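A.B. asks: One structure, pasted below without further comment.
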Amino acid sequence: MMEQKGLLLGTNDNVIVVIEDVNTNEVCGIIKKDIELTAKNNIPFGHKIALCDLAKGEKVVKYNEIIGIATKDIVKGEHVHTHNLSSIRGRGDLEGEM
Amino acid sequence: MGQGTLKAIEQGARIAIDMLVEASELKREKAPIDKLMIAVNCGASDATSGIVANPATGYVCDKLINLGGTAIFNETAEIMGAEHILARRSSPEVGKRLLEIVKEVEDYVLSLGIDIRGNQPKPDNIEGGLTTVEEKALGNIAKAGSHPIQAIISYAEKPAGKGLYHMYSSPAGAESNTGFFACGAQITIFTTGKGNPVGHILGPVIKVTGNHRTVSTAPENIDLDISAVLKGQMDIEEAGEDLFSFLLQVASGKITKSEALKHNEFAISRIGLTV
């Protein structure tokens with residue numbers, strides 16, 4: 001029986017949050033949604049999984065709001081965190097580049 | 001009076017003796033709920049904070065304000081990325097001022113040529129699943145409920161009326177609490193994800209979490225466990241009602257875990273902004 005460990009917080013979101021640890025290749029269901037996806041990595045409790053493929057530069061949406069941009073191409077089911085998602089605010093280090 | 005350490009301590013002790021004697025005659029009296037002024041703050045936030053503890057705290061702010069009370073939130077740097085939502089529901093004048101102060105914080109960061117990611121989100125937030133300052137902010141503002149902001153107040157400034165206020169100040173817990181209690185707030189509701197033991201010398205700090213792991217690893221630091229929300233066994237309204245009841249118990253004299261443990265943290269903001 002597949003466990004529903006995913007939480008979709010906004011209808012426009014392209015990431016979900018997991019409420020338990022999810023292992024690589026585990027099929028993860030989403031609470032109150034008829035959606036399931038296979039985790040590409042180990043996803044720790046509270047972390048995010050891509051709900052669909054995301055191209056580098058694409059906006060990442062959670063709570064129906066933009067939380068940053070993908071810094072790499074991300075595939076559906078992949079862990080979305082600091083290695084592939086970046087803030088677009090308060091980046092003094094990028095002044096002149098953006 | 002001299003100006004050295006011992007003279008300063010003596011002068012303070014002389015003032016404190018008189019205050020202590022005067023305070024000994026004070027008796028707890030019934031007060032209407034609209035006299036209640038609370039503050040809300042968070043620390044060691046994780047993904048559960050924005051989903052459970054912050055929305056439940058927002059429910060409490062809304063309920064208290066509907067009953068004529070007052071709530072204060074701060075953490076100006078940590079609403080960066082969600083300020084448009086707060087501005088939209090406030091008056092044009094207050095909304096404009098809110099956008100200005102968040103921009104001031106952001107410009108300050110930019111002027112230093114630093115990457116705010118070095119400091120926001122913090123390492124414990126990142127471990128807890130929060131990736132960006134925007135994501136943290138969106139979870140953070142749930143704590144302030146849904147009322148319009150009446151005014152932006154400065155650090156330790158007393159609100160002029162009732163309702164919701166934003167204190168333009170640092171997000172750091174101990175210095176936030178000093179500013180809250182100094183301006184007249186009686187209680188802070190402090191949400192935590194990964195667990196934070198903070199208390200304060202000036203007043204009670206209620207700690208609430210939606211993370212069941214934190215409840216089991218640091219139960220002595222948590223006053224209220226509402227982690228059942230994450231499992232779908234409780235909704236935000238029920239959790240908010242539990243927190244509201246707990247708030248009234250503390251307002252009526254019940255002590256918090258941080259008081260029992262004598263977590264008497266104290267700090268004040270430095271000159272210049274802490275982001």
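Chains: A, B, ... in order of the structure tokens. Residues: from 1 per chain. Ligands: from 1, in order shown.
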Could you list, as a ChimeraX atom specification, the residues of chain B having an atom within 8 Å of chain A when counting only C-alpha atoms?
C.D. replies: /B:46-48,80-81,106-107,109-117,126,128-135,138,230-231
A.B. asks: Would you mind exporting the chosen residues as a PDB file, in the first residue's frame, restricted to N, CA and C atoms?
C.D. replies:
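Output (again33.pdb):
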```
ATOM      1  N   ASP B  46      11.070  25.373  10.241  1.00  0.00           N
ATOM      2  CA  ASP B  46      11.265  24.352   9.207  1.00  0.00           C
ATOM      3  C   ASP B  46      10.004  24.315   8.350  1.00  0.00           C
ATOM      4  N   ALA B  47       9.911  23.297   7.516  1.00  0.00           N
ATOM      5  CA  ALA B  47       8.761  23.237   6.605  1.00  0.00           C
ATOM      6  C   ALA B  47       7.440  23.143   7.356  1.00  0.00           C
ATOM      7  N   THR B  48       7.445  22.581   8.566  1.00  0.00           N
ATOM      8  CA  THR B  48       6.179  22.456   9.302  1.00  0.00           C
ATOM      9  C   THR B  48       5.701  23.820   9.816  1.00  0.00           C
ATOM     10  N   MET B  80      10.655  39.336   3.534  1.00  0.00           N
ATOM     11  CA  MET B  80      11.105  39.618   2.167  1.00  0.00           C
ATOM     12  C   MET B  80      10.687  38.468   1.240  1.00  0.00           C
ATOM     13  N   GLY B  81       9.881  38.791   0.253  1.00  0.00           N
ATOM     14  CA  GLY B  81       9.383  37.746  -0.648  1.00  0.00           C
ATOM     15  C   GLY B  81       7.889  37.526  -0.433  1.00  0.00           C
ATOM     16  N   GLU B 106      16.521  45.082   2.145  1.00  0.00           N
ATOM     17  CA  GLU B 106      17.119  44.424   0.981  1.00  0.00           C
ATOM     18  C   GLU B 106      18.248  45.290   0.407  1.00  0.00           C
ATOM     19  N   ASP B 107      18.009  46.621   0.306  1.00  0.00           N
ATOM     20  CA  ASP B 107      19.046  47.521  -0.208  1.00  0.00           C
ATOM     21  C   ASP B 107      20.285  47.498   0.682  1.00  0.00           C
ATOM     22  N   VAL B 109      21.325  44.958   2.434  1.00  0.00           N
ATOM     23  CA  VAL B 109      22.035  43.711   2.107  1.00  0.00           C
ATOM     24  C   VAL B 109      22.801  43.878   0.797  1.00  0.00           C
ATOM     25  N   LEU B 110      22.109  44.463  -0.205  1.00  0.00           N
ATOM     26  CA  LEU B 110      22.742  44.650  -1.521  1.00  0.00           C
ATOM     27  C   LEU B 110      23.955  45.576  -1.409  1.00  0.00           C
ATOM     28  N   SER B 111      23.821  46.633  -0.577  1.00  0.00           N
ATOM     29  CA  SER B 111      24.904  47.617  -0.462  1.00  0.00           C
ATOM     30  C   SER B 111      26.151  47.000   0.159  1.00  0.00           C
ATOM     31  N   LEU B 112      25.957  45.958   0.941  1.00  0.00           N
ATOM     32  CA  LEU B 112      27.106  45.288   1.572  1.00  0.00           C
ATOM     33  C   LEU B 112      27.758  44.306   0.604  1.00  0.00           C
ATOM     34  N   GLY B 113      27.073  44.092  -0.550  1.00  0.00           N
ATOM     35  CA  GLY B 113      27.629  43.180  -1.549  1.00  0.00           C
ATOM     36  C   GLY B 113      27.609  41.736  -1.094  1.00  0.00           C
ATOM     37  N   ILE B 114      26.756  41.438  -0.131  1.00  0.00           N
ATOM     38  CA  ILE B 114      26.707  40.059   0.378  1.00  0.00           C
ATOM     39  C   ILE B 114      25.526  39.307  -0.209  1.00  0.00           C
ATOM     40  N   ASP B 115      25.556  38.026  -0.032  1.00  0.00           N
ATOM     41  CA  ASP B 115      24.482  37.150  -0.479  1.00  0.00           C
ATOM     42  C   ASP B 115      23.672  36.804   0.764  1.00  0.00           C
ATOM     43  N   ILE B 116      22.401  37.221   0.782  1.00  0.00           N
ATOM     44  CA  ILE B 116      21.582  37.016   1.989  1.00  0.00           C
ATOM     45  C   ILE B 116      21.457  35.523   2.302  1.00  0.00           C
ATOM     46  N   ARG B 117      21.740  34.681   1.278  1.00  0.00           N
ATOM     47  CA  ARG B 117      21.638  33.248   1.525  1.00  0.00           C
ATOM     48  C   ARG B 117      22.661  32.759   2.547  1.00  0.00           C
ATOM     49  N   ILE B 126      17.378  25.418   6.535  1.00  0.00           N
ATOM     50  CA  ILE B 126      17.709  24.668   5.315  1.00  0.00           C
ATOM     51  C   ILE B 126      17.634  23.167   5.583  1.00  0.00           C
ATOM     52  N   GLY B 128      15.786  21.870   7.676  1.00  0.00           N
ATOM     53  CA  GLY B 128      14.357  21.590   7.863  1.00  0.00           C
ATOM     54  C   GLY B 128      13.541  21.663   6.579  1.00  0.00           C
ATOM     55  N   GLY B 129      14.214  21.924   5.441  1.00  0.00           N
ATOM     56  CA  GLY B 129      13.509  21.867   4.161  1.00  0.00           C
ATOM     57  C   GLY B 129      13.226  23.211   3.523  1.00  0.00           C
ATOM     58  N   LEU B 130      13.560  24.311   4.224  1.00  0.00           N
ATOM     59  CA  LEU B 130      13.317  25.631   3.641  1.00  0.00           C
ATOM     60  C   LEU B 130      14.536  26.040   2.810  1.00  0.00           C
ATOM     61  N   THR B 131      14.296  26.393   1.536  1.00  0.00           N
ATOM     62  CA  THR B 131      15.398  26.639   0.618  1.00  0.00           C
ATOM     63  C   THR B 131      15.724  28.115   0.454  1.00  0.00           C
ATOM     64  N   THR B 132      14.683  28.954   0.334  1.00  0.00           N
ATOM     65  CA  THR B 132      14.933  30.367   0.001  1.00  0.00           C
ATOM     66  C   THR B 132      14.264  31.300   1.013  1.00  0.00           C
ATOM     67  N   VAL B 133      14.723  32.560   1.007  1.00  0.00           N
ATOM     68  CA  VAL B 133      14.157  33.555   1.917  1.00  0.00           C
ATOM     69  C   VAL B 133      12.681  33.806   1.574  1.00  0.00           C
ATOM     70  N   GLU B 134      12.337  33.707   0.280  1.00  0.00           N
ATOM     71  CA  GLU B 134      10.931  33.890  -0.127  1.00  0.00           C
ATOM     72  C   GLU B 134      10.051  32.792   0.482  1.00  0.00           C
ATOM     73  N   GLU B 135      10.542  31.565   0.405  1.00  0.00           N
ATOM     74  CA  GLU B 135       9.786  30.424   0.927  1.00  0.00           C
ATOM     75  C   GLU B 135       9.593  30.568   2.440  1.00  0.00           C
ATOM     76  N   LEU B 138       6.985  33.341   3.143  1.00  0.00           N
ATOM     77  CA  LEU B 138       5.591  32.961   2.882  1.00  0.00           C
ATOM     78  C   LEU B 138       5.028  32.145   4.045  1.00  0.00           C
ATOM     79  N   LEU B 230      -0.335  18.104  10.881  1.00  0.00           N
ATOM     80  CA  LEU B 230       0.446  17.604   9.744  1.00  0.00           C
ATOM     81  C   LEU B 230      -0.054  16.229   9.288  1.00  0.00           C
ATOM     82  N   LYS B 231      -0.531  15.461  10.238  1.00  0.00           N
ATOM     83  CA  LYS B 231      -1.024  14.116   9.932  1.00  0.00           C
ATOM     84  C   LYS B 231      -2.478  14.140   9.469  1.00  0.00           C
TER      85      LYS B 231
END
```
A.B. asks: Could you pull out the strand (DSSP E or B) residues of segment 30-213 of chain B, going by DSSP on the backbone, and write them as number ranges by chain?
C.D. replies: B: 37-43, 70-73, 115, 149-154, 163-168, 187-192, 205-209
A.B. asks: Point out the residue among B:Phe181, B:Asn74, B:Asn54, B:Ile65 with the least atom-to-atom distance to Gly210 of chain B, counting only C-alpha atoms.
C.D. replies: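 With only C-alpha atoms as the atom set, the closest residue is B:Asn54.
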A.B. asks: Considering only C-alpha atoms, return as a PyMOL selection string whatever protein or nucleic-acid residues lie within 7 Å of Ile206 of chain B, sequence-local ones (same chain, fewer than 5 positions apart) excluded.
C.D. replies: chain B and resi 188-190+223+256
A.B. asks: Go through A:Met2, A:Leu8, A:Ala70, A:Val15 and flag the residue nearest Ile49 of chain A, using only C-alpha atoms for the distances.
C.D. replies: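 Of A:Met2, A:Leu8, A:Ala70, A:Val15, the one nearest Ile49 of chain A is A:Val15, counting only C-alpha atoms.
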A.B. asks: May I have the residues within 7 Å of Ile187 of chain B as a list in words, using only C-alpha atoms and disregarding those fewer than 6 positions away in the same chain?
C.D. replies: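 Neighbouring residues, sequence-local ones excluded: Ile38, Ala39, Gly203, Pro204 and Val205 of chain B.
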A.B. asks: Grab the residues selected above and save them as a compact mmCIF listing (two decimals), in the first residue's frame with N, CA and C atoms.
C.D. replies:
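As a result, again.txt now contains:
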```txt
# COMPACT_ATOMS: atom_id res chain seq x y z
N ILE B 38 -0.48 40.73 22.40
CA ILE B 38 0.49 39.65 22.23
C ILE B 38 1.47 39.99 21.11
N ALA B 39 2.58 39.27 21.10
CA ALA B 39 3.52 39.39 20.00
C ALA B 39 3.77 38.00 19.46
N GLY B 203 9.09 38.46 30.23
CA GLY B 203 7.71 37.96 30.09
C GLY B 203 7.66 36.54 29.56
N PRO B 204 6.46 35.95 29.58
CA PRO B 204 6.32 34.56 29.13
C PRO B 204 6.38 34.41 27.61
N VAL B 205 7.04 33.35 27.19
CA VAL B 205 7.17 33.02 25.76
C VAL B 205 6.57 31.62 25.57
```
A.B. asks: Within 12 Å of Pro148 of chain B, counting only C-alpha atoms, which residues qualify if same-chain residues fewer than 6 places away don't, as a ChimeraX atom specification?
C.D. replies: /B:61-62,65-66,71-72,85-95,98,162-166
A.B. asks: Write the residues you've just listed into a file as a PDB file, in the first residue's frame, and include N, CA and C atoms for each of them.
C.D. replies:
```pdb
ATOM      1  N   CYS B  61      -4.098  35.327  16.383  1.00  0.00           N
ATOM      2  CA  CYS B  61      -4.022  36.787  16.169  1.00  0.00           C
ATOM      3  C   CYS B  61      -5.365  37.307  15.654  1.00  0.00           C
ATOM      4  N   ASP B  62      -5.917  36.613  14.677  1.00  0.00           N
ATOM      5  CA  ASP B  62      -7.200  37.046  14.108  1.00  0.00           C
ATOM      6  C   ASP B  62      -8.295  37.054  15.167  1.00  0.00           C
ATOM      7  N   ILE B  65      -7.769  39.857  17.761  1.00  0.00           N
ATOM      8  CA  ILE B  65      -8.066  41.178  17.186  1.00  0.00           C
ATOM      9  C   ILE B  65      -9.579  41.338  16.999  1.00  0.00           C
ATOM     10  N   ASN B  66     -10.263  40.270  16.599  1.00  0.00           N
ATOM     11  CA  ASN B  66     -11.729  40.332  16.485  1.00  0.00           C
ATOM     12  C   ASN B  66     -12.378  40.637  17.835  1.00  0.00           C
ATOM     13  N   ALA B  71      -2.085  42.548  18.318  1.00  0.00           N
ATOM     14  CA  ALA B  71      -1.007  41.595  18.030  1.00  0.00           C
ATOM     15  C   ALA B  71       0.101  42.311  17.259  1.00  0.00           C
ATOM     16  N   ILE B  72       1.332  41.945  17.587  1.00  0.00           N
ATOM     17  CA  ILE B  72       2.498  42.562  16.938  1.00  0.00           C
ATOM     18  C   ILE B  72       3.345  41.463  16.313  1.00  0.00           C
ATOM     19  N   ILE B  85       1.918  40.523  -0.165  1.00  0.00           N
ATOM     20  CA  ILE B  85       0.658  39.970   0.357  1.00  0.00           C
ATOM     21  C   ILE B  85       0.178  40.810   1.543  1.00  0.00           C
ATOM     22  N   LEU B  86       1.125  41.186   2.415  1.00  0.00           N
ATOM     23  CA  LEU B  86       0.791  42.006   3.580  1.00  0.00           C
ATOM     24  C   LEU B  86       0.391  43.423   3.160  1.00  0.00           C
ATOM     25  N   ALA B  87       1.097  43.947   2.164  1.00  0.00           N
ATOM     26  CA  ALA B  87       0.828  45.315   1.707  1.00  0.00           C
ATOM     27  C   ALA B  87      -0.567  45.398   1.078  1.00  0.00           C
ATOM     28  N   ARG B  88      -0.914  44.371   0.310  1.00  0.00           N
ATOM     29  CA  ARG B  88      -2.186  44.331  -0.410  1.00  0.00           C
ATOM     30  C   ARG B  88      -3.379  44.446   0.538  1.00  0.00           C
ATOM     31  N   ARG B  89      -3.274  43.862   1.722  1.00  0.00           N
ATOM     32  CA  ARG B  89      -4.439  43.850   2.612  1.00  0.00           C
ATOM     33  C   ARG B  89      -4.438  45.009   3.612  1.00  0.00           C
ATOM     34  N   SER B  90      -3.435  45.868   3.541  1.00  0.00           N
ATOM     35  CA  SER B  90      -3.374  47.011   4.452  1.00  0.00           C
ATOM     36  C   SER B  90      -3.757  48.276   3.690  1.00  0.00           C
ATOM     37  N   SER B  91      -3.863  49.402   4.408  1.00  0.00           N
ATOM     38  CA  SER B  91      -4.207  50.662   3.735  1.00  0.00           C
ATOM     39  C   SER B  91      -3.074  51.021   2.777  1.00  0.00           C
ATOM     40  N   PRO B  92      -3.362  51.830   1.735  1.00  0.00           N
ATOM     41  CA  PRO B  92      -2.305  52.187   0.779  1.00  0.00           C
ATOM     42  C   PRO B  92      -1.089  52.804   1.475  1.00  0.00           C
ATOM     43  N   GLU B  93      -1.352  53.622   2.474  1.00  0.00           N
ATOM     44  CA  GLU B  93      -0.264  54.317   3.173  1.00  0.00           C
ATOM     45  C   GLU B  93       0.627  53.319   3.937  1.00  0.00           C
ATOM     46  N   VAL B  94      -0.024  52.411   4.697  1.00  0.00           N
ATOM     47  CA  VAL B  94       0.737  51.422   5.478  1.00  0.00           C
ATOM     48  C   VAL B  94       1.429  50.429   4.539  1.00  0.00           C
ATOM     49  N   GLY B  95       0.705  50.032   3.483  1.00  0.00           N
ATOM     50  CA  GLY B  95       1.268  49.104   2.503  1.00  0.00           C
ATOM     51  C   GLY B  95       2.538  49.664   1.880  1.00  0.00           C
ATOM     52  N   LEU B  98       5.347  49.601   4.337  1.00  0.00           N
ATOM     53  CA  LEU B  98       5.859  48.240   4.528  1.00  0.00           C
ATOM     54  C   LEU B  98       6.810  47.869   3.388  1.00  0.00           C
ATOM     55  N   LYS B 162      -5.493  49.547  18.668  1.00  0.00           N
ATOM     56  CA  LYS B 162      -5.697  48.089  18.702  1.00  0.00           C
ATOM     57  C   LYS B 162      -5.501  47.506  17.305  1.00  0.00           C
ATOM     58  N   GLY B 163      -5.424  46.203  17.220  1.00  0.00           N
ATOM     59  CA  GLY B 163      -5.300  45.541  15.916  1.00  0.00           C
ATOM     60  C   GLY B 163      -3.903  44.997  15.676  1.00  0.00           C
ATOM     61  N   LEU B 164      -3.565  44.828  14.402  1.00  0.00           N
ATOM     62  CA  LEU B 164      -2.284  44.218  14.029  1.00  0.00           C
ATOM     63  C   LEU B 164      -1.233  45.286  13.710  1.00  0.00           C
ATOM     64  N   TYR B 165      -0.038  45.099  14.252  1.00  0.00           N
ATOM     65  CA  TYR B 165       1.070  46.042  14.029  1.00  0.00           C
ATOM     66  C   TYR B 165       2.311  45.289  13.571  1.00  0.00           C
ATOM     67  N   HIS B 166       3.092  45.938  12.713  1.00  0.00           N
ATOM     68  CA  HIS B 166       4.397  45.371  12.335  1.00  0.00           C
ATOM     69  C   HIS B 166       5.495  46.221  12.968  1.00  0.00           C
TER      70      HIS B 166
END
```
A.B. asks: How many Å lie between atom CA of Thr191 of chain B and atom CA of Glu78 of chain B, rounded to one decimal?
C.D. replies: 14.1 Å
